[in-house]
Amino acid sequence: MVITACSKTNDKQAEDMLAEIQSLYDRGYYAETLDSIESLRIRYPKAIDTRKKALRLWQDASLRMAQADIQVTDSALQATLQQIKQAQTLLEANQLRQKRDSLKARFDAMCGVVRMIHQRQGCCHEADSLHK
């Protein structure tokens with residue numbers, strides 16, 4: 001009986017923590033959202049339903065962060081491409097090409113992260129619809 005009561009208390013505490021995490025996400029604090037979800041997982045390992053809900057938030061926050069990174073990287077890439085056209089020396093042009101290549105690699109990697117998150121979200125949403 002005591003174990004059941006503790007379990008319900010833990011589930012309620014996990015739900016309360018998830019509500020706080022949702023608030024962080026809603027305010028755009030995505031890194032803090034991820035950190036808090038990690039804490040939730042550690043503190044409430046048996047709150048399975050709450051952890052499933054947190055997984056959706058984890059994916060959404062990760063997606064938002066990756067999309068923001070893509071935007072910043074794309075802007076830097078476009079600026080670098082313009083700088084290459086205006087380079088005064090071969091050395092400057094070559095250094096900018098290195099920067100361009102690095103930015104392009106980051107851009108491609110982050111696009112891969114977004115694709116992976118979308119695939120996982122599709123997989124999870126399909127599994128959810130099967131359980132209903």
# chains A, B, ... in the order shown; residues from 1 in each chain; ligands from 1
$ residues_around --residues "stretch 39-55 of chain A" --least-positions-apart "4" --cutoff "8 Å" --atoms "only C-alpha atoms" --output "JSON, numbers by chain"
{"A": [10, 11, 14, 15, 17, 18, 35, 59]}
$ residues_around --residues "A:Leu77" --least-positions-apart "2" --cutoff "8 Å" --atoms "only C-alpha atoms" --output "PyMOL selection string"
chain A and resi 73-75+79-81+100+103-104
$ closest_residue --among "A:Leu57, A:Ile37, A:Ile84, A:Leu63" --to "A:Arg115" --atoms "only C-alpha atoms"
A:Leu63
$ residues_around --residues "stretch 69-72 of chain A" --least-positions-apart "2" --cutoff "12 Å" --atoms "only C-alpha atoms" --output "PyMOL selection string"
chain A and resi 62-67+74-79+103-114
$ write_last_selection --atoms "C-alpha atoms" --output "short mmCIF file (atom, residue, chain, number, x, y, z; two decimals), in the first residue's frame"
data_model
loop_
_atom_site.label_atom_id
_atom_site.label_comp_id
_atom_site.auth_asym_id
_atom_site.auth_seq_id
_atom_site.Cartn_x
_atom_site.Cartn_y
_atom_site.Cartn_z
CA SER A 62 15.59 19.54 -30.54
CA LEU A 63 13.90 20.26 -33.86
CA ARG A 64 13.44 23.95 -33.04
CA MET A 65 17.08 24.25 -31.99
CA ALA A 66 18.29 22.55 -35.16
CA GLN A 67 16.07 24.74 -37.35
CA ASP A 74 22.63 29.66 -43.83
CA SER A 75 22.90 33.41 -43.20
CA ALA A 76 26.61 33.07 -42.43
CA LEU A 77 27.07 30.91 -45.52
CA GLN A 78 25.35 33.45 -47.78
CA ALA A 79 27.46 36.28 -46.34
CA LEU A 103 29.62 26.30 -42.91
CA LYS A 104 28.32 24.05 -45.70
CA ALA A 105 29.30 20.95 -43.73
CA ARG A 106 27.51 22.30 -40.64
CA PHE A 107 24.45 23.21 -42.70
CA ASP A 108 24.29 19.72 -44.22
CA ALA A 109 24.75 18.08 -40.81
CA MET A 110 21.97 20.11 -39.23
CA CYS A 111 19.64 19.34 -42.15
CA GLY A 112 20.40 15.67 -41.46
CA VAL A 113 19.46 16.17 -37.81
CA VAL A 114 16.13 17.73 -38.84
#
$ atom_distance --atom1 "atom CA of A:Arg27" --atom2 "atom CA of A:Lys12"
23.0 Å
$ decode --residues "stretch 60-100 of chain A" --atoms "N, CA and C atoms" --output "JSON list (two decimals), in the first residue's frame"
[["chain", "number", "residue", "atom", "x", "y", "z"],
["A", 60, "ASP", "N", 10.55, 17.95, -30.19],
["A", 60, "ASP", "CA", 10.14, 19.27, -30.67],
["A", 60, "ASP", "C", 11.18, 20.34, -30.35],
["A", 61, "ALA", "N", 11.72, 20.31, -29.12],
["A", 61, "ALA", "CA", 12.74, 21.29, -28.73],
["A", 61, "ALA", "C", 14.02, 21.09, -29.54],
["A", 62, "SER", "N", 14.40, 19.84, -29.74],
["A", 62, "SER", "CA", 15.59, 19.54, -30.54],
["A", 62, "SER", "C", 15.40, 20.02, -31.97],
["A", 63, "LEU", "N", 14.21, 19.82, -32.50],
["A", 63, "LEU", "CA", 13.90, 20.26, -33.86],
["A", 63, "LEU", "C", 13.98, 21.79, -33.96],
["A", 64, "ARG", "N", 13.39, 22.48, -33.01],
["A", 64, "ARG", "CA", 13.44, 23.95, -33.04],
["A", 64, "ARG", "C", 14.87, 24.46, -32.96],
["A", 65, "MET", "N", 15.68, 23.83, -32.11],
["A", 65, "MET", "CA", 17.08, 24.25, -31.99],
["A", 65, "MET", "C", 17.84, 24.01, -33.29],
["A", 66, "ALA", "N", 17.61, 22.87, -33.91],
["A", 66, "ALA", "CA", 18.29, 22.55, -35.16],
["A", 66, "ALA", "C", 17.85, 23.50, -36.27],
["A", 67, "GLN", "N", 16.57, 23.81, -36.32],
["A", 67, "GLN", "CA", 16.07, 24.74, -37.35],
["A", 67, "GLN", "C", 16.66, 26.13, -37.17],
["A", 68, "ALA", "N", 16.78, 26.58, -35.92],
["A", 68, "ALA", "CA", 17.39, 27.89, -35.66],
["A", 68, "ALA", "C", 18.86, 27.88, -36.07],
["A", 69, "ASP", "N", 19.54, 26.78, -35.79],
["A", 69, "ASP", "CA", 20.95, 26.66, -36.17],
["A", 69, "ASP", "C", 21.09, 26.70, -37.69],
["A", 70, "ILE", "N", 20.18, 26.05, -38.39],
["A", 70, "ILE", "CA", 20.21, 26.07, -39.86],
["A", 70, "ILE", "C", 20.06, 27.49, -40.37],
["A", 71, "GLN", "N", 19.16, 28.25, -39.80],
["A", 71, "GLN", "CA", 18.95, 29.64, -40.24],
["A", 71, "GLN", "C", 20.20, 30.48, -40.04],
["A", 72, "VAL", "N", 20.81, 30.37, -38.87],
["A", 72, "VAL", "CA", 22.02, 31.14, -38.58],
["A", 72, "VAL", "C", 23.15, 30.72, -39.52],
["A", 73, "THR", "N", 23.31, 29.42, -39.69],
["A", 73, "THR", "CA", 24.37, 28.90, -40.55],
["A", 73, "THR", "C", 24.16, 29.32, -41.99],
["A", 74, "ASP", "N", 22.92, 29.26, -42.46],
["A", 74, "ASP", "CA", 22.63, 29.66, -43.83],
["A", 74, "ASP", "C", 22.94, 31.14, -44.05],
["A", 75, "SER", "N", 22.59, 31.97, -43.09],
["A", 75, "SER", "CA", 22.90, 33.41, -43.20],
["A", 75, "SER", "C", 24.40, 33.63, -43.28],
["A", 76, "ALA", "N", 25.14, 32.94, -42.42],
["A", 76, "ALA", "CA", 26.61, 33.07, -42.43],
["A", 76, "ALA", "C", 27.18, 32.55, -43.74],
["A", 77, "LEU", "N", 26.61, 31.48, -44.26],
["A", 77, "LEU", "CA", 27.07, 30.91, -45.52],
["A", 77, "LEU", "C", 26.83, 31.89, -46.67],
["A", 78, "GLN", "N", 25.66, 32.49, -46.71],
["A", 78, "GLN", "CA", 25.35, 33.45, -47.78],
["A", 78, "GLN", "C", 26.28, 34.66, -47.70],
["A", 79, "ALA", "N", 26.54, 35.14, -46.50],
["A", 79, "ALA", "CA", 27.46, 36.28, -46.34],
["A", 79, "ALA", "C", 28.87, 35.91, -46.78],
["A", 80, "THR", "N", 29.30, 34.71, -46.46],
["A", 80, "THR", "CA", 30.64, 34.26, -46.85],
["A", 80, "THR", "C", 30.75, 34.14, -48.37],
["A", 81, "LEU", "N", 29.71, 33.66, -49.02],
["A", 81, "LEU", "CA", 29.72, 33.56, -50.49],
["A", 81, "LEU", "C", 29.88, 34.94, -51.12],
["A", 82, "GLN", "N", 29.23, 35.92, -50.54],
["A", 82, "GLN", "CA", 29.38, 37.29, -51.04],
["A", 82, "GLN", "C", 30.80, 37.82, -50.79],
["A", 83, "GLN", "N", 31.35, 37.50, -49.65],
["A", 83, "GLN", "CA", 32.71, 37.94, -49.32],
["A", 83, "GLN", "C", 33.73, 37.32, -50.27],
["A", 84, "ILE", "N", 33.50, 36.07, -50.67],
["A", 84, "ILE", "CA", 34.43, 35.41, -51.60],
["A", 84, "ILE", "C", 34.47, 36.18, -52.92],
["A", 85, "LYS", "N", 33.32, 36.62, -53.38],
["A", 85, "LYS", "CA", 33.25, 37.37, -54.63],
["A", 85, "LYS", "C", 34.01, 38.69, -54.54],
["A", 86, "GLN", "N", 34.09, 39.24, -53.33],
["A", 86, "GLN", "CA", 34.72, 40.55, -53.15],
["A", 86, "GLN", "C", 36.15, 40.45, -52.61],
["A", 87, "ALA", "N", 36.67, 39.24, -52.48],
["A", 87, "ALA", "CA", 38.01, 39.06, -51.91],
["A", 87, "ALA", "C", 39.05, 39.79, -52.76],
["A", 88, "GLN", "N", 39.97, 40.45, -52.08],
["A", 88, "GLN", "CA", 41.00, 41.25, -52.74],
["A", 88, "GLN", "C", 42.23, 40.43, -53.11],
["A", 89, "THR", "N", 42.49, 39.37, -52.34],
["A", 89, "THR", "CA", 43.69, 38.57, -52.60],
["A", 89, "THR", "C", 43.31, 37.09, -52.69],
["A", 90, "LEU", "N", 44.20, 36.33, -53.26],
["A", 90, "LEU", "CA", 44.00, 34.89, -53.36],
["A", 90, "LEU", "C", 43.97, 34.27, -51.96],
["A", 91, "LEU", "N", 44.84, 34.75, -51.07],
["A", 91, "LEU", "CA", 44.87, 34.24, -49.70],
["A", 91, "LEU", "C", 43.52, 34.47, -49.01],
["A", 92, "GLU", "N", 42.99, 35.67, -49.12],
["A", 92, "GLU", "CA", 41.69, 35.98, -48.51],
["A", 92, "GLU", "C", 40.59, 35.10, -49.11],
["A", 93, "ALA", "N", 40.60, 34.93, -50.40],
["A", 93, "ALA", "CA", 39.59, 34.09, -51.06],
["A", 93, "ALA", "C", 39.69, 32.64, -50.58],
["A", 94, "ASN", "N", 40.90, 32.14, -50.46],
["A", 94, "ASN", "CA", 41.08, 30.75, -50.00],
["A", 94, "ASN", "C", 40.63, 30.57, -48.55],
["A", 95, "GLN", "N", 40.91, 31.56, -47.71],
["A", 95, "GLN", "CA", 40.47, 31.47, -46.32],
["A", 95, "GLN", "C", 38.93, 31.50, -46.24],
["A", 96, "LEU", "N", 38.34, 32.32, -47.06],
["A", 96, "LEU", "CA", 36.88, 32.38, -47.10],
["A", 96, "LEU", "C", 36.27, 31.09, -47.65],
["A", 97, "ARG", "N", 36.95, 30.47, -48.59],
["A", 97, "ARG", "CA", 36.47, 29.18, -49.13],
["A", 97, "ARG", "C", 36.51, 28.10, -48.05],
["A", 98, "GLN", "N", 37.53, 28.15, -47.20],
["A", 98, "GLN", "CA", 37.59, 27.20, -46.08],
["A", 98, "GLN", "C", 36.41, 27.43, -45.14],
["A", 99, "LYS", "N", 36.15, 28.69, -44.86],
["A", 99, "LYS", "CA", 35.01, 29.03, -44.00],
["A", 99, "LYS", "C", 33.71, 28.56, -44.65],
["A", 100, "ARG", "N", 33.59, 28.79, -45.96],
["A", 100, "ARG", "CA", 32.39, 28.35, -46.70],
["A", 100, "ARG", "C", 32.21, 26.84, -46.58]]
